[in-house]
>>> print(open('run-v9.cif').read())   # mmCIF, C-alpha atoms
data_model
loop_
_atom_site.group_PDB
_atom_site.id
_atom_site.type_symbol
_atom_site.label_atom_id
_atom_site.label_comp_id
_atom_site.auth_asym_id
_atom_site.auth_seq_id
_atom_site.Cartn_x
_atom_site.Cartn_y
_atom_site.Cartn_z
ATOM 1 C CA MET A 1 103.241 89.895 119.624
ATOM 2 C CA ASN A 2 101.637 88.327 116.558
ATOM 3 C CA GLY A 3 98.870 89.668 114.335
ATOM 4 C CA LEU A 4 96.095 88.096 116.369
ATOM 5 C CA ASP A 5 97.456 89.725 119.533
ATOM 6 C CA TRP A 6 97.192 93.103 117.821
ATOM 7 C CA ILE A 7 93.663 92.286 116.742
ATOM 8 C CA ARG A 8 92.766 91.539 120.362
ATOM 9 C CA ARG A 9 94.329 94.858 121.399
ATOM 10 C CA ASP A 10 92.252 96.578 118.709
ATOM 11 C CA VAL A 11 89.115 94.913 120.076
ATOM 12 C CA LEU A 12 90.013 95.926 123.657
ATOM 13 C CA LYS A 13 90.238 99.571 122.635
ATOM 14 C CA SER A 14 87.039 99.230 120.655
ATOM 15 C CA CYS A 15 85.285 97.990 123.780
ATOM 16 C CA PHE A 16 86.232 101.217 125.542
ATOM 17 C CA GLN A 17 85.291 103.442 122.597
ATOM 18 C CA GLY A 18 81.990 101.699 121.975
ATOM 19 C CA LEU A 19 80.655 102.428 125.447
ATOM 20 C CA PRO A 20 78.759 105.621 126.223
ATOM 21 C CA LEU A 21 81.332 108.260 127.092
ATOM 22 C CA CYS A 22 80.311 108.456 130.734
ATOM 23 C CA ALA A 23 80.466 104.662 131.151
ATOM 24 C CA MET A 24 83.808 104.423 129.377
ATOM 25 C CA ALA A 25 85.356 107.123 131.509
ATOM 26 C CA SER A 26 84.170 105.453 134.704
ATOM 27 C CA LEU A 27 86.145 102.313 133.818
ATOM 28 C CA LEU A 28 89.446 104.156 133.489
ATOM 29 C CA PRO A 29 91.438 106.040 136.138
ATOM 30 C CA THR A 30 91.590 109.781 135.654
ATOM 31 C CA GLY A 31 94.106 112.119 137.208
ATOM 32 C CA HIS A 32 93.290 115.272 139.119
ATOM 33 C CA ALA A 33 94.592 118.772 138.557
ATOM 34 C CA ASP A 34 98.246 119.328 139.423
ATOM 35 C CA ALA A 35 99.255 122.722 140.808
ATOM 36 C CA ALA A 36 102.606 122.524 139.003
ATOM 37 C CA ILE A 37 100.897 122.528 135.586
ATOM 38 C CA ASP A 38 98.705 125.462 134.638
ATOM 39 C CA THR A 39 96.245 123.842 132.241
ATOM 40 C CA SER A 40 94.536 127.161 131.574
ATOM 41 C CA LEU A 41 97.515 128.155 129.421
ATOM 42 C CA ASP A 42 98.224 127.283 125.811
ATOM 43 C CA PRO A 43 100.550 124.248 126.254
ATOM 44 C CA ALA A 44 103.061 125.723 123.795
ATOM 45 C CA GLN A 45 103.194 129.035 125.693
ATOM 46 C CA GLY A 46 106.549 129.643 127.348
ATOM 47 C CA ARG A 47 108.107 126.609 125.639
ATOM 48 C CA ALA A 48 110.738 126.695 122.931
ATOM 49 C CA LEU A 49 110.031 125.083 119.569
ATOM 50 C CA LEU A 50 112.396 122.094 119.596
ATOM 51 C CA PHE A 51 111.334 120.506 116.318
ATOM 52 C CA ASP A 52 109.069 121.438 113.428
ATOM 53 C CA ASP A 53 108.396 119.368 110.324
ATOM 54 C CA PRO A 54 106.074 121.328 107.979
ATOM 55 C CA PHE A 55 106.116 118.433 105.511
ATOM 56 C CA THR A 56 107.447 120.178 102.452
ATOM 57 C CA GLU A 57 109.228 116.852 101.862
ATOM 58 C CA ILE A 58 109.501 113.422 103.477
ATOM 59 C CA ASN A 59 112.941 113.451 105.035
ATOM 60 C CA GLY A 60 114.258 109.882 104.944
ATOM 61 C CA ARG A 61 116.929 110.722 107.516
ATOM 62 C CA ILE A 62 114.157 111.400 110.029
ATOM 63 C CA TRP A 63 111.207 109.235 108.964
ATOM 64 C CA ASN A 64 110.960 105.636 107.900
ATOM 65 C CA GLY A 65 107.902 103.729 106.766
ATOM 66 C CA GLY A 66 106.676 100.239 107.499
ATOM 67 C CA PRO A 67 105.620 98.053 110.425
ATOM 68 C CA LYS A 68 105.885 99.471 113.926
ATOM 69 C CA ALA A 69 109.521 99.300 115.012
ATOM 70 C CA THR A 70 110.057 96.332 117.291
ATOM 71 C CA THR A 71 112.615 93.545 117.600
ATOM 72 C CA GLY A 72 109.946 91.099 118.782
ATOM 73 C CA PRO A 73 106.522 91.231 117.077
ATOM 74 C CA THR A 74 106.236 91.797 113.340
ATOM 75 C CA GLY A 75 104.917 95.316 113.884
ATOM 76 C CA PHE A 76 101.801 94.814 111.757
ATOM 77 C CA TYR A 77 98.358 95.320 113.260
ATOM 78 C CA GLY A 78 94.846 95.845 111.977
ATOM 79 C CA ARG A 79 93.807 94.732 108.499
ATOM 80 C CA SER A 80 96.453 96.470 106.380
ATOM 81 C CA ALA A 81 100.156 95.993 105.695
ATOM 82 C CA PHE A 82 102.276 99.067 106.397
ATOM 83 C CA ALA A 83 104.520 99.828 103.433
ATOM 84 C CA PRO A 84 108.108 101.121 103.446
ATOM 85 C CA LEU A 85 108.725 104.567 102.003
ATOM 86 C CA SER A 86 109.208 103.021 98.556
ATOM 87 C CA GLY A 87 105.776 101.372 98.709
ATOM 88 C CA ALA A 88 104.528 97.787 98.421
ATOM 89 C CA GLU A 89 102.455 95.781 95.965
ATOM 90 C CA GLY A 90 102.815 98.564 93.410
ATOM 91 C CA PHE A 91 101.365 101.204 95.733
ATOM 92 C CA LYS A 92 103.203 104.032 97.518
ATOM 93 C CA PRO A 93 101.111 105.388 100.401
ATOM 94 C CA TYR A 94 103.279 108.420 101.234
ATOM 95 C CA GLU A 95 103.419 111.708 99.327
ATOM 96 C CA ILE A 96 103.611 115.454 99.783
ATOM 97 C CA VAL A 97 100.613 117.258 98.304
ATOM 98 C CA ASP A 98 99.659 120.864 97.772
ATOM 99 C CA ASP A 99 96.946 121.917 100.208
ATOM 100 C CA PRO A 100 95.763 125.509 100.679
ATOM 101 C CA ASP A 101 94.355 124.589 104.098
ATOM 102 C CA ALA A 102 97.775 123.502 105.370
ATOM 103 C CA THR A 103 99.843 126.052 107.277
ATOM 104 C CA GLY A 104 102.641 126.157 104.708
ATOM 105 C CA GLY A 105 100.630 125.159 101.651
ATOM 106 C CA THR A 106 101.763 121.513 101.601
ATOM 107 C CA ALA A 107 100.844 118.458 103.650
ATOM 108 C CA LEU A 108 101.910 114.881 104.165
ATOM 109 C CA GLN A 109 99.317 112.534 102.686
ATOM 110 C CA ILE A 110 99.223 108.944 103.944
ATOM 111 C CA SER A 111 96.885 106.671 102.004
ATOM 112 C CA ALA A 112 95.343 103.221 102.257
ATOM 113 C CA LYS A 113 94.470 101.165 99.178
ATOM 114 C CA TYR A 114 92.565 97.911 98.855
ATOM 115 C CA ILE A 115 94.681 95.616 96.653
ATOM 116 C CA GLY A 116 92.121 92.807 96.553
ATOM 117 C CA ARG A 117 94.453 89.957 95.578
ATOM 118 C CA ASN A 118 97.023 87.733 97.265
ATOM 119 C CA MET A 119 99.996 89.822 98.366
ATOM 120 C CA ASN A 120 103.603 89.045 99.178
ATOM 121 C CA VAL A 121 104.432 91.371 102.066
ATOM 122 C CA ARG A 122 107.082 89.847 104.304
ATOM 123 C CA ASN A 123 105.801 88.740 107.731
ATOM 124 C CA TYR A 124 102.297 90.109 107.083
ATOM 125 C CA TYR A 125 99.610 87.760 108.375
ATOM 126 C CA GLY A 126 96.917 89.014 105.987
ATOM 127 C CA ASN A 127 98.530 88.378 102.585
ATOM 128 C CA ASN A 128 96.060 85.653 101.612
ATOM 129 C CA LEU A 129 92.990 86.943 103.468
ATOM 130 C CA PRO A 130 90.711 88.986 101.177
ATOM 131 C CA ASP A 131 89.514 91.283 103.966
ATOM 132 C CA PHE A 132 93.121 92.083 104.923
ATOM 133 C CA GLN A 133 94.574 92.751 101.470
ATOM 134 C CA TRP A 134 95.189 96.438 102.042
ATOM 135 C CA ILE A 135 98.382 98.488 101.833
ATOM 136 C CA SER A 136 98.618 101.585 104.044
ATOM 137 C CA GLY A 137 101.194 103.779 105.718
ATOM 138 C CA ASN A 138 102.953 104.140 109.040
ATOM 139 C CA LEU A 139 105.539 106.913 109.234
ATOM 140 C CA GLN A 140 107.801 106.712 112.281
ATOM 141 C CA ALA A 141 111.006 107.988 113.837
ATOM 142 C CA GLY A 142 111.960 104.604 115.341
ATOM 143 C CA SER A 143 113.792 101.675 113.768
ATOM 144 C CA ARG A 144 114.094 97.970 114.508
ATOM 145 C CA SER A 145 117.712 98.503 115.536
ATOM 146 C CA GLY A 146 116.491 100.430 118.580
ATOM 147 C CA VAL A 147 117.853 103.696 117.182
ATOM 148 C CA VAL A 148 115.425 106.620 116.950
ATOM 149 C CA SER A 149 116.016 109.707 114.826
ATOM 150 C CA LEU A 150 113.799 111.923 117.004
ATOM 151 C CA GLY A 151 113.109 111.462 120.677
ATOM 152 C CA TRP A 152 112.304 113.464 123.796
ATOM 153 C CA ARG A 153 111.606 112.461 127.378
ATOM 154 C CA GLN A 154 109.320 115.461 128.010
ATOM 155 C CA GLY A 155 107.615 118.224 126.093
ATOM 156 C CA TYR A 156 104.455 119.205 124.272
ATOM 157 C CA PHE A 157 103.956 117.058 121.158
ATOM 158 C CA GLU A 158 101.477 118.225 118.505
ATOM 159 C CA ALA A 159 100.289 117.342 115.002
ATOM 160 C CA ARG A 160 97.690 119.123 112.881
ATOM 161 C CA MET A 161 95.733 116.503 110.946
ATOM 162 C CA LYS A 162 92.652 115.816 108.827
ATOM 163 C CA PHE A 163 91.131 112.329 108.900
ATOM 164 C CA PRO A 164 89.235 110.347 106.246
ATOM 165 C CA LYS A 165 85.548 109.495 106.478
ATOM 166 C CA HIS A 166 85.357 105.711 106.040
ATOM 167 C CA PRO A 167 83.853 102.593 107.697
ATOM 168 C CA LEU A 168 87.270 101.027 108.429
ATOM 169 C CA THR A 169 89.903 103.730 108.762
ATOM 170 C CA TRP A 170 91.836 103.969 112.031
ATOM 171 C CA PRO A 171 94.302 106.878 111.826
ATOM 172 C CA ALA A 172 96.505 107.765 114.773
ATOM 173 C CA PHE A 173 99.169 110.115 116.053
ATOM 174 C CA TRP A 174 101.042 108.387 118.851
ATOM 175 C CA LEU A 175 104.285 108.024 120.782
ATOM 176 C CA LEU A 176 106.317 104.990 121.824
ATOM 177 C CA ASN A 177 109.339 104.759 124.088
ATOM 178 C CA ARG A 178 112.721 103.845 122.621
ATOM 179 C CA ASN A 179 113.477 101.033 125.087
ATOM 180 C CA GLY A 180 110.175 99.374 124.213
ATOM 181 C CA ILE A 181 111.544 98.568 120.748
ATOM 182 C CA THR A 182 113.882 95.959 122.172
ATOM 183 C CA ASP A 183 111.805 95.045 125.236
ATOM 184 C CA ASN A 184 108.106 94.923 124.394
ATOM 185 C CA LYS A 185 107.298 93.997 128.006
ATOM 186 C CA ARG A 186 108.308 97.557 128.950
ATOM 187 C CA SER A 187 106.653 99.293 126.012
ATOM 188 C CA ILE A 188 104.954 102.628 126.754
ATOM 189 C CA GLU A 189 102.364 103.890 124.270
ATOM 190 C CA VAL A 190 100.790 107.346 124.301
ATOM 191 C CA ASP A 191 97.903 107.491 121.827
ATOM 192 C CA ILE A 192 97.397 111.203 121.366
ATOM 193 C CA VAL A 193 94.559 110.547 118.929
ATOM 194 C CA GLU A 194 92.941 107.405 117.535
ATOM 195 C CA HIS A 195 90.023 107.990 115.219
ATOM 196 C CA LYS A 196 87.338 105.784 113.682
ATOM 197 C CA GLY A 197 86.356 107.032 110.256
ATOM 198 C CA PHE A 198 82.615 106.750 110.832
ATOM 199 C CA GLU A 199 82.681 108.939 113.988
ATOM 200 C CA PRO A 200 83.469 112.443 112.689
ATOM 201 C CA LYS A 201 83.084 114.123 116.098
ATOM 202 C CA LEU A 202 84.549 111.528 118.467
ATOM 203 C CA TYR A 203 88.039 110.090 118.999
ATOM 204 C CA GLY A 204 89.993 108.236 121.665
ATOM 205 C CA ALA A 205 93.091 109.172 123.670
ATOM 206 C CA TYR A 206 95.012 106.559 125.674
ATOM 207 C CA LEU A 207 98.049 105.845 127.823
ATOM 208 C CA HIS A 208 99.285 102.232 127.850
ATOM 209 C CA GLU A 209 102.210 101.020 129.918
ATOM 210 C CA TRP A 210 102.336 97.461 128.572
ATOM 211 C CA GLY A 211 103.782 94.401 130.295
ATOM 212 C CA GLN A 212 104.190 93.152 133.811
ATOM 213 C CA PRO A 213 104.894 94.031 136.471
ATOM 214 C CA GLY A 214 102.672 97.049 136.753
ATOM 215 C CA GLU A 215 100.788 97.133 133.472
ATOM 216 C CA HIS A 216 98.796 100.359 133.454
ATOM 217 C CA ASN A 217 96.098 101.590 131.058
ATOM 218 C CA GLU A 218 94.152 104.837 130.967
ATOM 219 C CA GLY A 219 91.995 106.487 128.345
ATOM 220 C CA THR A 220 88.893 108.387 127.371
ATOM 221 C CA GLY A 221 86.595 109.181 124.511
ATOM 222 C CA VAL A 222 86.859 112.774 123.307
ATOM 223 C CA PRO A 223 83.711 114.359 121.840
ATOM 224 C CA THR A 224 84.437 117.358 119.617
ATOM 225 C CA SER A 225 82.340 120.164 118.209
ATOM 226 C CA LEU A 226 84.349 119.988 114.972
ATOM 227 C CA ASP A 227 84.069 117.429 112.186
ATOM 228 C CA MET A 228 87.584 115.961 112.089
ATOM 229 C CA THR A 229 87.009 114.561 108.589
ATOM 230 C CA GLU A 230 86.144 117.963 107.128
ATOM 231 C CA GLN A 231 88.951 120.125 108.518
ATOM 232 C CA TYR A 232 92.363 120.102 110.113
ATOM 233 C CA CYS A 233 92.502 119.911 113.908
ATOM 234 C CA ARG A 234 95.381 120.076 116.379
ATOM 235 C CA TYR A 235 96.029 117.037 118.578
ATOM 236 C CA GLY A 236 98.615 117.213 121.333
ATOM 237 C CA VAL A 237 99.943 115.828 124.581
ATOM 238 C CA LEU A 238 101.977 117.469 127.313
ATOM 239 C CA ILE A 239 104.350 115.098 129.093
ATOM 240 C CA LYS A 240 105.945 116.642 132.155
ATOM 241 C CA ASP A 241 107.738 114.552 134.781
ATOM 242 C CA ASP A 242 105.183 111.806 135.618
ATOM 243 C CA LYS A 243 102.167 113.628 134.175
ATOM 244 C CA CYS A 244 100.582 113.068 130.767
ATOM 245 C CA ILE A 245 97.875 115.520 129.618
ATOM 246 C CA PRO A 246 96.151 115.124 126.224
ATOM 247 C CA TYR A 247 94.935 118.228 124.369
ATOM 248 C CA PHE A 248 92.541 118.984 121.522
ATOM 249 C CA GLU A 249 92.922 122.344 119.774
ATOM 250 C CA ARG A 250 95.311 123.432 122.555
ATOM 251 C CA LYS A 251 92.660 122.798 125.237
ATOM 252 C CA PRO A 252 93.059 119.983 127.799
ATOM 253 C CA ILE A 253 90.633 117.105 127.351
ATOM 254 C CA ILE A 254 87.806 116.995 129.881
ATOM 255 C CA ASN A 255 86.616 113.642 131.182
ATOM 256 C CA PRO A 256 82.912 113.523 130.214
ATOM 257 C CA ALA A 257 81.940 111.689 133.436
ATOM 258 C CA THR A 258 83.877 113.651 136.055
ATOM 259 C CA LYS A 259 84.086 116.991 134.200
ATOM 260 C CA GLN A 260 87.722 117.049 135.330
ATOM 261 C CA ILE A 261 90.786 117.557 133.162
ATOM 262 C CA ASN A 262 92.440 114.268 132.207
ATOM 263 C CA ILE A 263 95.849 114.266 133.888
ATOM 264 C CA TRP A 264 97.227 110.750 133.715
ATOM 265 C CA THR A 265 100.128 109.384 135.743
ATOM 266 C CA LEU A 266 103.085 107.933 133.879
ATOM 267 C CA THR A 267 104.024 105.286 136.443
ATOM 268 C CA ARG A 268 107.311 104.417 134.707
ATOM 269 C CA ALA A 269 108.580 107.985 134.585
ATOM 270 C CA SER A 270 111.426 107.266 137.010
ATOM 271 C CA GLU A 271 112.329 104.122 135.051
ATOM 272 C CA MET A 272 112.561 106.198 131.882
ATOM 273 C CA GLU A 273 114.750 108.767 133.642
ATOM 274 C CA GLN A 274 117.095 106.116 134.997
ATOM 275 C CA ASN A 275 117.465 104.475 131.585
ATOM 276 C CA GLY A 276 117.723 107.677 129.557
ATOM 277 C CA ASP A 277 114.611 106.610 127.661
ATOM 278 C CA VAL A 278 112.710 108.905 125.286
ATOM 279 C CA PHE A 279 109.419 109.060 123.360
ATOM 280 C CA TRP A 280 109.393 109.030 119.545
ATOM 281 C CA PRO A 281 106.498 109.808 117.151
ATOM 282 C CA LEU A 282 104.397 107.767 114.726
ATOM 283 C CA LEU A 283 101.830 108.957 112.159
ATOM 284 C CA THR A 284 99.668 106.053 111.045
ATOM 285 C CA LEU A 285 96.760 105.191 108.796
ATOM 286 C CA ALA A 286 95.607 101.728 109.879
ATOM 287 C CA LEU A 287 92.396 99.799 109.253
ATOM 288 C CA ARG A 288 90.255 98.369 112.038
ATOM 289 C CA THR A 289 89.540 94.697 112.711
ATOM 290 C CA ASP A 290 86.852 95.059 115.372
ATOM 291 C CA VAL A 291 83.991 95.139 112.847
ATOM 292 C CA PRO A 292 83.079 92.778 109.980
ATOM 293 C CA ALA A 293 84.388 93.867 106.605
ATOM 294 C CA PRO A 294 81.707 95.971 104.884
ATOM 295 C CA GLN A 295 80.790 95.919 101.215
ATOM 296 C CA LEU A 296 83.024 98.693 99.916
ATOM 297 C CA THR A 297 82.250 101.114 97.132
ATOM 298 C CA GLU A 298 85.011 101.751 94.592
ATOM 299 C CA ALA A 299 85.597 105.163 96.170
ATOM 300 C CA GLN A 300 86.161 103.540 99.582
ATOM 301 C CA LYS A 301 88.996 101.360 98.271
ATOM 302 C CA LEU A 302 91.409 104.305 98.268
ATOM 303 C CA VAL A 303 91.420 106.733 101.223
ATOM 304 C CA HIS A 304 93.717 109.454 102.518
ATOM 305 C CA MET A 305 94.634 111.271 105.712
ATOM 306 C CA ARG A 306 96.687 114.441 105.820
ATOM 307 C CA VAL A 307 99.214 115.860 108.283
ATOM 308 C CA ASP A 308 99.952 119.579 108.125
ATOM 309 C CA TYR A 309 102.876 119.494 110.560
ATOM 310 C CA PHE A 310 104.481 117.716 113.504
ATOM 311 C CA ARG A 311 105.982 119.875 116.258
ATOM 312 C CA VAL A 312 107.588 119.476 119.656
ATOM 313 C CA TYR A 313 107.891 122.235 122.271
ATOM 314 C CA GLY A 314 110.040 121.983 125.381
#
>>> encode(input="run-v9.cif", output="structure tokens")
Amino acid sequence: MNGLDWIRRDVLKSCFQGLPLCAMASLLPTGHADAAIDTSLDPAQGRALLFDDPFTEINGRIWNGGPKATTGPTGFYGRSAFAPLSGAEGFKPYEIVDDPDATGGTALQISAKYIGRNMNVRNYYGNNLPDFQWISGNLQAGSRSGVVSLGWRQGYFEARMKFPKHPLTWPAFWLLNRNGITDNKRSIEVDIVEHKGFEPKLYGAYLHEWGQPGEHNEGTGVPTSLDMTEQYCRYGVLIKDDKCIPYFERKPIINPATKQINIWTLTRASEMEQNGDVFWPLLTLALRTDVPAPQLTEAQKLVHMRVDYFRVYG
């Protein structure tokens, strides 16, 4: 998939998010309550903590930076180039910072900077396009070789994050399946949170099973009572067998149209089981392409998101 394909995917999601919440929800299938999953409980309750990264450091044996891991497309999308851990164009978008609001006193900070000149990032389609001359960060547990450092088929996945307020920012916490690295026609994407920086109390959650046969897409807008740009919030998803349930602050997301809990069906669950496939995490600060580039202030040319921790319970 080339850069323009990713732009079209960005626009597709924007079409869903731009609709009134009730209209958007009516376009997308929504699951019904499952007796085997008690959604009244804290999703971490009764589950063992399998992994916890409190981000006191960036562990290079676990995380790598750069374009989304894939052996097909370049892995870039949006209007920024994702840098490796060492940085690009003289800018390093990853660091550990002191933060009294973080659980352990430190947080991962992923930044985006407008470079504003021709760049030389390998395979990046925006090097010579002024509106696309940004460097930002994508931290991930997958690699182009198809090897993942962290992966689970099931569990409750959670990150505590604070997003920037900005006209272009597009931060996300999401999961991809390992086998989708080498076969993008069987890629499965769970977008636990995608946020637009000008909507402090609204985000999107999505399930995409890309490729034919049986491409399958679900999603919803999530209104919140909290300003996600002013404080840390917890974003999670419970994946159990063929069910996928997104959570905000440990509460299951309610479809605004149906007033029902969003319980989505993972139609390729049996395929994942048969192939020993697993989900692996990504923490991303991208920039949107679905709006014209605004006139930026100097302050808007450098922005940050923070991640307190990433945890998995199973």
>>> closest_residue(input="run-v9.cif", among="A:Leu285, A:Val121, A:Leu238, A:Ala293", to="A:Ala44", atoms="only C-alpha atoms")
A:Leu238
>>> closest_residue(input="run-v9.cif", among="A:His195, A:Lys165, A:Arg153, A:Lys201", to="A:Cys244", atoms="only C-alpha atoms")
A:Arg153
>>> atom_distance(input="run-v9.cif", atom1="atom CA of A:Arg79", atom2="atom CA of A:Phe132")
4.5 Å
>>> residues_near_point(input="run-v9.cif", point="(83.4, 119.3, 111.6)", cutoff="12 Å", atoms="only C-alpha atoms", output="ChimeraX atom specification")
/A:162-165,199-202,223-233
>>> write_last_selection(input="run-v9.cif", atoms="C-alpha atoms", output="compact mmCIF listing (two decimals), keeping the file's coordinate frame")
# COMPACT_ATOMS: atom_id res chain seq x y z
CA LYS A 162 92.65 115.82 108.83
CA PHE A 163 91.13 112.33 108.90
CA PRO A 164 89.24 110.35 106.25
CA LYS A 165 85.55 109.50 106.48
CA GLU A 199 82.68 108.94 113.99
CA PRO A 200 83.47 112.44 112.69
CA LYS A 201 83.08 114.12 116.10
CA LEU A 202 84.55 111.53 118.47
CA PRO A 223 83.71 114.36 121.84
CA THR A 224 84.44 117.36 119.62
CA SER A 225 82.34 120.16 118.21
CA LEU A 226 84.35 119.99 114.97
CA ASP A 227 84.07 117.43 112.19
CA MET A 228 87.58 115.96 112.09
CA THR A 229 87.01 114.56 108.59
CA GLU A 230 86.14 117.96 107.13
CA GLN A 231 88.95 120.12 108.52
CA TYR A 232 92.36 120.10 110.11
CA CYS A 233 92.50 119.91 113.91
>>> residues_around(input="run-v9.cif", residues="stretch 190-193 of chain A", least_positions_apart="2", cutoff="9 Å", atoms="only C-alpha atoms", output="VMD selection string")
chain A and resid 157 to 158 171 to 177 188 195 203 to 209 219 235 to 237 244 246 to 247 279
>>> resolve_selection(input="run-v9.cif", expression="the PyMOL selection byres ((chain A and resi 179) around 12)", output="PyMOL selection string")
chain A and resi 69-71+142-148+151+153+176-178+180-189+268+271-280
>>> closest_residue(input="run-v9.cif", among="A:Ala83, A:Ile96, A:Leu283, A:Ile110", to="A:Thr56", atoms="only C-alpha atoms")
A:Ile96
>>> atom_distance(input="run-v9.cif", atom1="atom CA of A:His304", atom2="atom CA of A:Arg160")
14.7 Å
>>> atom_distance(input="run-v9.cif", atom1="atom CA of A:Ala102", atom2="atom CA of A:Met305")
12.6 Å
>>> closest_residue(input="run-v9.cif", among="A:Pro252, A:Gly87, A:Pro167, A:Gly72", to="A:Leu287", atoms="only C-alpha atoms")
A:Pro167
>>> closest_residue(input="run-v9.cif", among="A:Leu129, A:Ile115, A:Val222, A:Leu282", to="A:Gln300", atoms="all atoms listed in the file")
A:Ile115
>>> resolve_selection(input="run-v9.cif", expression="the PyMOL selection byres ((chain A and resi 57) around 10)", output="VMD selection string")
chain A and resid 53 to 56 58 to 60 95 to 97 106 to 108
>>> closest_residue(input="run-v9.cif", among="A:Tyr77, A:Tyr124, A:Trp152, A:Phe82", to="A:Gly314", atoms="only C-alpha atoms")
A:Trp152
>>> resolve_selection(input="run-v9.cif", expression="the PyMOL selection byres ((chain A and resi 133) around 9)", output="PyMOL selection string")
chain A and resi 79-81+113-119+126-132+134-135
>>> axis_aligned_box(input="run-v9.cif", around="stretch 201-220 of chain A", padding_each_side="4 Å", output="JSON")
{"center_x": 94.0, "center_y": 103.6, "center_z": 126.4, "size_x": 29.8, "size_y": 29.0, "size_z": 28.7}
